[in-house]
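Student: The following block contains the structure, expressed as structure tokens.
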Number of protein chains: 2
Amino acid sequence: MKIIAYADGNATALGVVTSPTHFVAVAEIAPELPSSLIAILESEHGLARLRDAAAGAVGQRALDSVRLKPFLERPNAMWALALNFKSHLAETGLQTNGDYPHLFLRTPASYVGAGEAVVAPPEAVARAFDYEGELGVVIGKPGRYIPEQRALEHVAGYTCVNEGSVREYQVHNRQFGLGKNFEASGSYGPWLMTADEFGDPATHTVQTRLNGVVRQRARLDDMLCGVARVISYLSQGYNLRPGDLIAMGTPGALKPQPDDVAGRDLSRQYGLFKVPGLVHMRAGDVVEVEIDGLGILRNPVVGDEAHPGAQR
Amino acid sequence: MKIIAYADGNATALGVVTSPTHFVAVAEIAPELPSSLIAILESEHGLARLRDAAAGAVGQRALDSVRLKPFLERPNAMWALALNFKSHLAETGLQTNGDYPHLFLRTPASYVGAGEAVVAPPEAVARAFDYEGELGVVIGKPGRYIPEQRALEHVAGYTCVNEGSVREYQVHNRQFGLGKNFEASGSYGPWLMTADEFGDPATHTVQTRLNGVVRQRARLDDMLCGVARVISYLSQGYNLRPGDLIAMGTPGALKPQPDDVAGRDLSRQYGLFKVPGLVHMRAGDVVEVEIDGLGILRNPVVGDEAHPGAQR
């Protein structure tokens, strides 16, 4: 089952995708369920009741007729992993302790939904604004002290994440802080695919494209800490809650092709680590994160109109 | 004005403190105002309307007759600063870039209210569970690209914070991650004191007591980055929102007195940095953070009953 959130007037409504092009509104097939996904996950058998209600439904509404929204309104925690792929460790030259997941937090306001505009900082503020294509894990069942072998039972489903990062701010100090939390700098979506439909994360591949050029591609079995390990670790100190998101870390850049001028031009990189094949996001770009068997998270990149020096 | 949140049956209600011992319910003096503090801060002139309604009120309810709660239910961001006092830098031997605030995030679930139990991890999980007495800043007015000289206009008020930290987990990797986010490991309160009543933060002092012994004491003008600087910096990338909390960092440990056995016994310290005068929090302790002119945040420390190995 694939669950979307979409703008419905001034409110956000939920839908279930019924075909590659259409969906049905949750309020139509299951009016007794809450109108927020987190509240459904918190309800007794909420996801199972929605699945029953959606069985056999034929959606009449076109996906491309609505504006998708982030489907997790304000969860308690949006975790993310640093340096969880060997290829990303190698390109940065940074180190991590492979015995433990390398975790930090983002705020809900740092993410937009699929199709919504990701906001590039004004160039006067920062220029090293980078995509990070990642697998997103959404918690369905609360828990503490969860053994690894039971950890996946706590997953409601998966999504694509662009864990967009502002490198200049990320390296101001040891803690990433603001550099991982610029307003609307990342995105997730296009939907939550439930775990039964997605299957084992390790058998999938994530790729990131900027303006159609593939910039990252990795199998999800290449992570230092897998999904079960991260859930089990977090639960040693933290009560996992329905709606919590975990972004599983990003792979390194693909080597640029000989004719790839942008990917080979290190002089146009502004971060601490100059990496062949890395191209910063800029206003006017289109960025896509695709996980095979799940879907494509596509976002336009726009300039930050709030800046006093920005073009109006 | 001092605003509290307190348990009212299964709900959380707001009150205004009218004397050292009594308060009045907001629902009584201003029934038209929302029942959450963040919603009041978001309302047009919400805080001013509450102040007008509370003027001259004589509270009939005793503060010690209610259980205080965290007054910020689920803000978008709960920021905290690392290494913002020279005395704390010196005792850890760590470095920071003094040009920029050193920021990280905590989740709402990592904090409890005044009087509520702070939870120590089971000893099998971690033993270096430390208090961090800090000034907490609560944002009242939203904003972006805020110049330092106007930053304090965005502050609704101040509170005491115990930014409780689990050191073993904090040093698993470069990002603090879970070590700053154990469930109910910190607290804030006892109330929000509005900025007009608190005055200039730099003229105040913070101190932390464990079982009555003063363990930290510092003037708030000793911070590397002050309140205005931190707000201005954050606003370069982040839209500050009403109800956002910023914990301003903690000072170093006071040198132990000659007869202070616990404070002088480094063999009973389990963190990476052994510091004379530091004593970890343990079940059965009482920890207090006091900011002069604001109030005392007092919490009992209890063991983590959720652990399979914990005593029941």
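Naming works like this for the structure tokens: A, B, ... for the chains as they're shown, residue 1 at the start of each chain, ligands 1 onward in shown order.
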I need the contact residues of chain B against chain A, so if you could list those with any atom within 8 Å, counting only C-alpha atoms, and return them as number ranges by chain, that would help.

Tutor: B: 74, 76-77, 96-97, 100-109, 121, 125, 144-145, 172-178, 181-183, 234, 236-239, 306-308

Student: Take the selection from the previous step and output its residues with C-alpha atoms, as a CSV table (one decimal), in the first residue's frame.

Tutor:
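See selection.csv below for the written result:
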```
chain,number,residue,atom,x,y,z
B,74,ARG,CA,5.9,19.9,20.4
B,76,ASN,CA,9.3,22.6,15.6
B,77,ALA,CA,12.8,22.9,17.1
B,96,THR,CA,34.9,24.9,19.2
B,97,ASN,CA,34.8,27.6,16.5
B,100,TYR,CA,29.7,30.4,15.2
B,101,PRO,CA,27.3,29.0,17.7
B,102,HIS,CA,27.8,25.3,18.1
B,103,LEU,CA,24.3,23.9,17.7
B,104,PHE,CA,22.5,20.6,17.9
B,105,LEU,CA,18.9,19.4,18.4
B,106,ARG,CA,17.0,17.6,21.1
B,107,THR,CA,13.5,16.1,20.7
B,108,PRO,CA,10.6,17.2,22.9
B,109,ALA,CA,10.5,13.7,24.5
B,121,PRO,CA,19.6,5.0,32.1
B,125,VAL,CA,23.3,0.8,29.4
B,144,ARG,CA,14.3,35.2,9.3
B,145,TYR,CA,17.5,37.2,8.6
B,172,HIS,CA,30.0,7.1,20.1
B,173,ASN,CA,30.5,9.3,17.0
B,174,ARG,CA,31.2,13.0,16.2
B,175,GLN,CA,27.5,13.8,16.2
B,176,PHE,CA,26.0,13.7,19.7
B,177,GLY,CA,22.9,11.9,18.4
B,178,LEU,CA,21.3,9.7,21.0
B,181,ASN,CA,18.3,12.5,23.4
B,182,PHE,CA,17.6,9.8,26.0
B,183,GLU,CA,14.0,9.7,26.9
B,234,LEU,CA,20.0,30.6,13.3
B,236,GLN,CA,20.3,32.9,8.4
B,237,GLY,CA,19.0,29.5,7.5
B,238,TYR,CA,16.0,28.8,9.7
B,239,ASN,CA,12.6,30.5,10.2
B,306,ALA,CA,11.4,0.1,31.1
B,307,HIS,CA,14.7,-1.8,31.0
B,308,PRO,CA,14.3,-5.6,31.0
```

Student: Any chance you could lay chain B over chain A, fitting all C-alpha atoms in order by least squares, and write the moved chain as a short mmCIF file (atom, residue, chain, number, x, y, z; two decimals) with C-alpha atoms, in the first residue's frame?

Tutor:
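So out04.cif came out as:
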```cif
data_model
loop_
_atom_site.label_atom_id
_atom_site.label_comp_id
_atom_site.auth_asym_id
_atom_site.auth_seq_id
_atom_site.Cartn_x
_atom_site.Cartn_y
_atom_site.Cartn_z
CA MET B 1 0.01 -0.01 0.02
CA LYS B 2 1.19 3.49 -0.88
CA ILE B 3 -0.13 6.37 1.23
CA ILE B 4 0.09 9.99 0.15
CA ALA B 5 -0.71 13.30 1.82
CA TYR B 6 -2.02 16.10 -0.39
CA ALA B 7 -3.24 19.66 -0.13
CA ASP B 8 -7.02 19.80 0.17
CA GLY B 9 -7.90 23.49 0.38
CA ASN B 10 -6.06 24.75 3.46
CA ALA B 11 -5.94 21.30 5.02
CA THR B 12 -3.87 18.21 4.32
CA ALA B 13 -5.73 15.02 3.38
CA LEU B 14 -4.57 11.42 2.97
CA GLY B 15 -4.95 9.14 0.00
CA VAL B 16 -4.14 5.57 -1.06
CA VAL B 17 -2.55 5.06 -4.46
CA THR B 18 -4.55 2.57 -6.53
CA SER B 19 -2.71 2.65 -9.88
CA PRO B 20 0.37 4.31 -11.38
CA THR B 21 -1.73 7.41 -12.05
CA HIS B 22 -4.66 7.47 -9.61
CA PHE B 23 -5.53 7.43 -5.92
CA VAL B 24 -8.54 7.32 -3.63
CA ALA B 25 -9.12 9.66 -0.66
CA VAL B 26 -8.87 8.00 2.76
CA ALA B 27 -11.81 10.10 3.96
CA GLU B 28 -13.92 8.44 1.28
CA ILE B 29 -13.06 4.80 1.92
CA ALA B 30 -12.43 4.98 5.68
CA PRO B 31 -14.14 8.08 7.13
CA GLU B 32 -13.78 6.68 10.64
CA LEU B 33 -9.97 6.86 10.48
CA PRO B 34 -8.09 9.99 11.64
CA SER B 35 -7.02 12.50 8.99
CA SER B 36 -3.31 12.42 9.89
CA LEU B 37 -1.02 9.51 9.10
CA ILE B 38 0.69 9.63 12.50
CA ALA B 39 -2.72 9.37 14.17
CA ILE B 40 -3.59 6.36 11.99
CA LEU B 41 -0.28 4.70 12.91
CA GLU B 42 -1.07 5.39 16.57
CA SER B 43 -4.58 3.87 16.32
CA GLU B 44 -5.18 0.23 17.13
CA HIS B 45 -4.67 -1.69 13.86
CA GLY B 46 -4.91 1.65 12.03
CA LEU B 47 -2.80 0.60 9.06
CA ALA B 48 -4.55 -2.77 8.73
CA ARG B 49 -7.96 -1.07 8.81
CA LEU B 50 -6.85 1.28 6.07
CA ARG B 51 -5.56 -1.66 4.01
CA ASP B 52 -8.90 -3.47 4.36
CA ALA B 53 -10.80 -0.34 3.37
CA ALA B 54 -8.59 0.24 0.33
CA ALA B 55 -8.75 -3.35 -0.93
CA GLY B 56 -10.24 -3.34 -4.41
CA ALA B 57 -10.81 0.42 -4.45
CA VAL B 58 -10.50 2.04 -7.88
CA GLY B 59 -9.21 5.59 -7.47
CA GLN B 60 -10.90 8.27 -9.56
CA ARG B 61 -8.50 11.09 -8.69
CA ALA B 62 -5.34 11.69 -10.72
CA LEU B 63 -2.09 11.90 -8.75
CA ASP B 64 -0.95 14.73 -11.00
CA SER B 65 -4.06 16.76 -10.14
CA VAL B 66 -3.01 17.34 -6.51
CA ARG B 67 -0.07 18.90 -4.72
CA LEU B 68 1.63 16.30 -2.53
CA LYS B 69 2.60 17.27 1.04
CA PRO B 70 4.92 15.80 3.67
CA PHE B 71 2.91 12.94 5.18
CA LEU B 72 4.42 13.19 8.67
CA GLU B 73 3.18 16.44 10.11
CA ARG B 74 5.27 16.91 13.24
CA PRO B 75 6.72 13.65 14.53
CA ASN B 76 8.70 13.66 17.77
CA ALA B 77 11.95 12.84 15.97
CA MET B 78 13.37 12.98 12.46
CA TRP B 79 16.67 11.12 12.76
CA ALA B 80 19.32 10.97 10.05
CA LEU B 81 22.59 9.09 9.65
CA ALA B 82 25.94 10.56 8.76
CA LEU B 83 28.66 8.59 6.98
CA ASN B 84 26.76 5.31 6.63
CA PHE B 85 28.12 4.37 3.17
CA LYS B 86 31.77 3.49 2.53
CA SER B 87 31.73 5.46 -0.74
CA HIS B 88 30.70 8.63 1.11
CA LEU B 89 33.32 8.03 3.83
CA ALA B 90 35.97 7.67 1.17
CA GLU B 91 35.09 10.86 -0.71
CA THR B 92 35.03 13.02 2.44
CA GLY B 93 38.06 11.44 4.11
CA LEU B 94 36.05 11.60 7.36
CA GLN B 95 35.93 8.86 9.93
CA THR B 96 33.10 7.21 11.76
CA ASN B 97 32.83 4.58 14.45
CA GLY B 98 31.31 1.68 12.53
CA ASP B 99 30.25 0.02 15.78
CA TYR B 100 27.50 2.60 16.29
CA PRO B 101 25.07 4.43 13.98
CA HIS B 102 26.20 8.04 13.51
CA LEU B 103 23.01 9.97 14.26
CA PHE B 104 21.79 13.53 14.21
CA LEU B 105 18.40 15.26 14.03
CA ARG B 106 16.52 17.43 11.55
CA THR B 107 13.40 19.49 12.24
CA PRO B 108 10.11 18.91 10.37
CA ALA B 109 10.47 22.36 8.73
CA SER B 110 13.67 21.28 7.00
CA TYR B 111 11.64 18.92 4.76
CA VAL B 112 9.03 19.55 2.06
CA GLY B 113 6.91 16.99 0.18
CA ALA B 114 7.32 15.52 -3.30
CA GLY B 115 6.90 18.14 -6.01
CA GLU B 116 7.19 21.04 -3.58
CA ALA B 117 10.06 23.47 -3.99
CA VAL B 118 13.34 22.78 -2.22
CA VAL B 119 14.88 26.14 -1.29
CA ALA B 120 18.50 26.97 -2.14
CA PRO B 121 20.13 29.53 0.17
CA PRO B 122 20.97 32.87 -1.45
CA GLU B 123 24.53 32.73 -2.80
CA ALA B 124 25.53 35.45 -0.33
CA VAL B 125 24.65 33.03 2.49
CA ALA B 126 25.92 29.69 1.12
CA ARG B 127 26.70 27.99 -2.18
CA ALA B 128 27.52 24.38 -1.28
CA PHE B 129 23.91 23.16 -1.22
CA ASP B 130 23.97 19.40 -1.81
CA TYR B 131 21.47 16.61 -2.47
CA GLU B 132 21.72 13.44 -0.41
CA GLY B 133 19.57 10.61 -1.77
CA GLU B 134 18.57 8.24 1.03
CA LEU B 135 16.18 5.53 2.15
CA GLY B 136 13.68 6.85 4.72
CA VAL B 137 12.28 4.52 7.37
CA VAL B 138 8.97 5.39 9.07
CA ILE B 139 8.27 3.84 12.46
CA GLY B 140 4.83 2.28 12.93
CA LYS B 141 4.94 0.52 16.27
CA PRO B 142 6.38 2.16 19.39
CA GLY B 143 9.11 0.41 21.30
CA ARG B 144 12.11 0.44 23.60
CA TYR B 145 14.96 -2.06 24.06
CA ILE B 146 14.14 -3.69 20.73
CA PRO B 147 16.39 -6.61 19.72
CA GLU B 148 17.73 -6.42 16.17
CA GLN B 149 15.91 -9.55 15.08
CA ARG B 150 12.56 -7.95 15.93
CA ALA B 151 13.38 -4.40 14.83
CA LEU B 152 11.71 -4.54 11.40
CA GLU B 153 8.36 -5.29 13.08
CA HIS B 154 8.45 -1.64 14.21
CA VAL B 155 8.64 -0.28 10.65
CA ALA B 156 5.41 1.02 9.09
CA GLY B 157 7.07 1.57 5.73
CA TYR B 158 9.63 3.35 3.61
CA THR B 159 10.03 6.47 1.53
CA CYS B 160 12.65 8.34 -0.52
CA VAL B 161 14.54 11.15 1.23
CA ASN B 162 16.59 14.01 -0.15
CA GLU B 163 18.54 14.98 2.96
CA GLY B 164 19.61 18.34 1.48
CA SER B 165 22.60 19.87 3.25
CA VAL B 166 24.29 23.27 3.37
CA ARG B 167 27.96 22.35 3.66
CA GLU B 168 29.41 25.70 4.72
CA TYR B 169 27.15 25.74 7.79
CA GLN B 170 27.57 22.03 8.43
CA VAL B 171 31.30 22.51 9.07
CA HIS B 172 31.10 25.63 11.23
CA ASN B 173 31.56 23.32 14.19
CA ARG B 174 31.68 19.61 15.02
CA GLN B 175 27.91 19.35 15.37
CA PHE B 176 26.13 19.77 12.03
CA GLY B 177 23.48 22.04 13.58
CA LEU B 178 22.02 24.53 11.15
CA GLY B 179 23.80 23.06 8.10
CA LYS B 180 21.39 20.11 8.13
CA ASN B 181 18.39 22.24 9.03
CA PHE B 182 17.98 25.04 6.54
CA GLU B 183 14.32 25.78 5.95
CA ALA B 184 12.84 23.52 3.22
CA SER B 185 16.31 22.27 2.31
CA GLY B 186 15.27 18.62 2.02
CA SER B 187 12.27 16.53 1.03
CA TYR B 188 10.69 13.13 1.43
CA GLY B 189 8.07 11.21 -0.49
CA PRO B 190 6.34 10.71 -2.80
CA TRP B 191 4.51 8.35 -0.45
CA LEU B 192 4.87 5.92 2.39
CA MET B 193 5.16 2.44 0.92
CA THR B 194 4.20 -0.07 3.59
CA ALA B 195 6.84 -2.58 4.64
CA ASP B 196 4.91 -5.62 3.37
CA GLU B 197 4.95 -4.18 -0.17
CA PHE B 198 8.54 -2.87 -0.10
CA GLY B 199 10.12 -6.01 1.30
CA ASP B 200 13.73 -6.24 2.46
CA PRO B 201 15.43 -2.81 2.17
CA ALA B 202 18.79 -4.46 1.49
CA THR B 203 17.61 -5.76 -1.89
CA HIS B 204 16.87 -2.26 -3.25
CA THR B 205 18.96 0.49 -4.87
CA VAL B 206 18.87 4.27 -4.35
CA GLN B 207 19.87 6.78 -7.00
CA THR B 208 19.92 10.57 -7.19
CA ARG B 209 19.61 12.57 -10.40
CA LEU B 210 20.24 16.28 -10.86
CA ASN B 211 18.68 17.63 -14.05
CA GLY B 212 18.44 14.07 -15.32
CA VAL B 213 22.10 13.13 -14.74
CA VAL B 214 22.62 10.25 -12.31
CA ARG B 215 24.90 11.59 -9.54
CA GLN B 216 24.57 8.89 -6.85
CA ARG B 217 23.70 5.21 -7.12
CA ALA B 218 24.15 2.51 -4.48
CA ARG B 219 22.71 -0.76 -3.34
CA LEU B 220 21.09 -0.47 0.08
CA ASP B 221 23.02 -3.47 1.36
CA ASP B 222 26.14 -1.28 1.26
CA MET B 223 25.28 0.54 4.50
CA LEU B 224 27.58 0.26 7.52
CA CYS B 225 24.54 0.09 9.83
CA GLY B 226 21.34 -1.39 8.40
CA VAL B 227 17.77 -0.54 9.32
CA ALA B 228 17.40 -3.17 12.05
CA ARG B 229 20.67 -2.19 13.69
CA VAL B 230 19.75 1.52 13.78
CA ILE B 231 16.31 0.87 15.26
CA SER B 232 17.74 -1.43 17.91
CA TYR B 233 20.46 1.09 18.81
CA LEU B 234 18.07 4.05 19.07
CA SER B 235 15.75 2.03 21.27
CA GLN B 236 18.48 1.65 23.91
CA GLY B 237 17.80 5.23 24.97
CA TYR B 238 14.79 6.45 23.08
CA ASN B 239 11.17 5.27 22.90
CA LEU B 240 10.53 4.96 19.18
CA ARG B 241 7.19 6.49 18.23
CA PRO B 242 4.79 6.05 15.29
CA GLY B 243 5.71 8.61 12.63
CA ASP B 244 9.37 8.96 13.58
CA LEU B 245 11.52 9.14 10.43
CA ILE B 246 15.03 7.75 10.03
CA ALA B 247 17.01 8.82 6.94
CA MET B 248 19.57 6.08 6.45
CA GLY B 249 22.54 8.02 5.03
CA THR B 250 23.76 8.79 1.54
CA PRO B 251 26.27 7.15 -0.82
CA GLY B 252 29.20 8.88 -2.50
CA ALA B 253 29.20 10.62 -5.87
CA LEU B 254 29.45 8.61 -9.08
CA LYS B 255 32.55 9.31 -11.16
CA PRO B 256 31.70 11.79 -13.91
CA GLN B 257 31.62 10.76 -17.56
CA PRO B 258 34.33 12.26 -19.83
CA ASP B 259 31.83 14.69 -21.39
CA ASP B 260 30.33 15.72 -18.05
CA VAL B 261 31.63 19.27 -17.79
CA ALA B 262 29.70 20.20 -14.63
CA GLY B 263 30.69 16.98 -12.87
CA ARG B 264 34.38 17.36 -13.67
CA ASP B 265 34.76 21.05 -12.78
CA LEU B 266 36.00 21.10 -9.18
CA SER B 267 36.50 24.87 -9.40
CA ARG B 268 32.70 25.23 -9.17
CA GLN B 269 32.54 23.41 -5.83
CA TYR B 270 32.35 25.41 -2.61
CA GLY B 271 32.26 22.81 0.15
CA LEU B 272 35.14 21.56 2.27
CA PHE B 273 35.46 18.37 0.19
CA LYS B 274 35.92 18.67 -3.56
CA VAL B 275 34.56 15.53 -5.19
CA PRO B 276 34.47 14.61 -8.89
CA GLY B 277 30.85 14.03 -9.89
CA LEU B 278 29.37 16.32 -7.24
CA VAL B 279 27.30 19.25 -8.53
CA HIS B 280 25.60 21.61 -6.07
CA MET B 281 21.86 22.29 -6.30
CA ARG B 282 20.90 25.69 -7.71
CA ALA B 283 17.65 27.56 -8.33
CA GLY B 284 16.13 26.22 -11.55
CA ASP B 285 17.40 22.66 -11.08
CA VAL B 286 15.27 19.55 -10.74
CA VAL B 287 16.47 16.93 -8.27
CA GLU B 288 15.19 13.35 -8.08
CA VAL B 289 15.75 10.54 -5.61
CA GLU B 290 14.57 7.15 -6.85
CA ILE B 291 14.42 3.89 -4.95
CA ASP B 292 13.62 0.98 -7.24
CA GLY B 293 10.29 -0.61 -6.48
CA LEU B 294 9.28 2.37 -4.35
CA GLY B 295 9.08 5.44 -6.55
CA ILE B 296 10.60 8.78 -7.47
CA LEU B 297 10.84 11.84 -5.24
CA ARG B 298 11.13 14.81 -7.57
CA ASN B 299 11.59 18.44 -6.46
CA PRO B 300 12.26 21.70 -8.24
CA VAL B 301 14.92 23.88 -6.61
CA VAL B 302 14.05 27.56 -6.12
CA GLY B 303 15.89 30.57 -4.71
CA ASP B 304 15.25 31.86 -1.23
CA GLU B 305 12.89 34.80 -1.73
CA ALA B 306 12.95 35.64 1.97
CA HIS B 307 16.49 36.97 1.78
CA PRO B 308 16.69 40.78 1.76
CA GLY B 309 19.22 40.51 -1.06
CA ALA B 310 17.23 37.97 -3.08
CA GLN B 311 15.71 38.87 -6.46
CA ARG B 312 11.99 39.59 -6.11
#
```

Student: Just list as a PyMOL selection string whatever in region 45-256 of chain A DSSP marks as strand (DSSP E or B).

Tutor: chain A and resi 61-62+68-69+78-81+85+103-106+111-112+118-120+129-130+133-139+143+155-162+165-166+186-194+205-210+213-219+223+240+245-247

Student: To test your reading of the structure, identify every residue in region 97-305 of chain A that backbone DSSP assigns to helix (DSSP H, G or I), and report it as a VMD selection string.

Tutor: chain A and resid 108 to 110 148 to 154 167 to 170 177 to 180 195 to 198 201 to 203 220 to 222 227 to 234 261 to 264 266 to 268
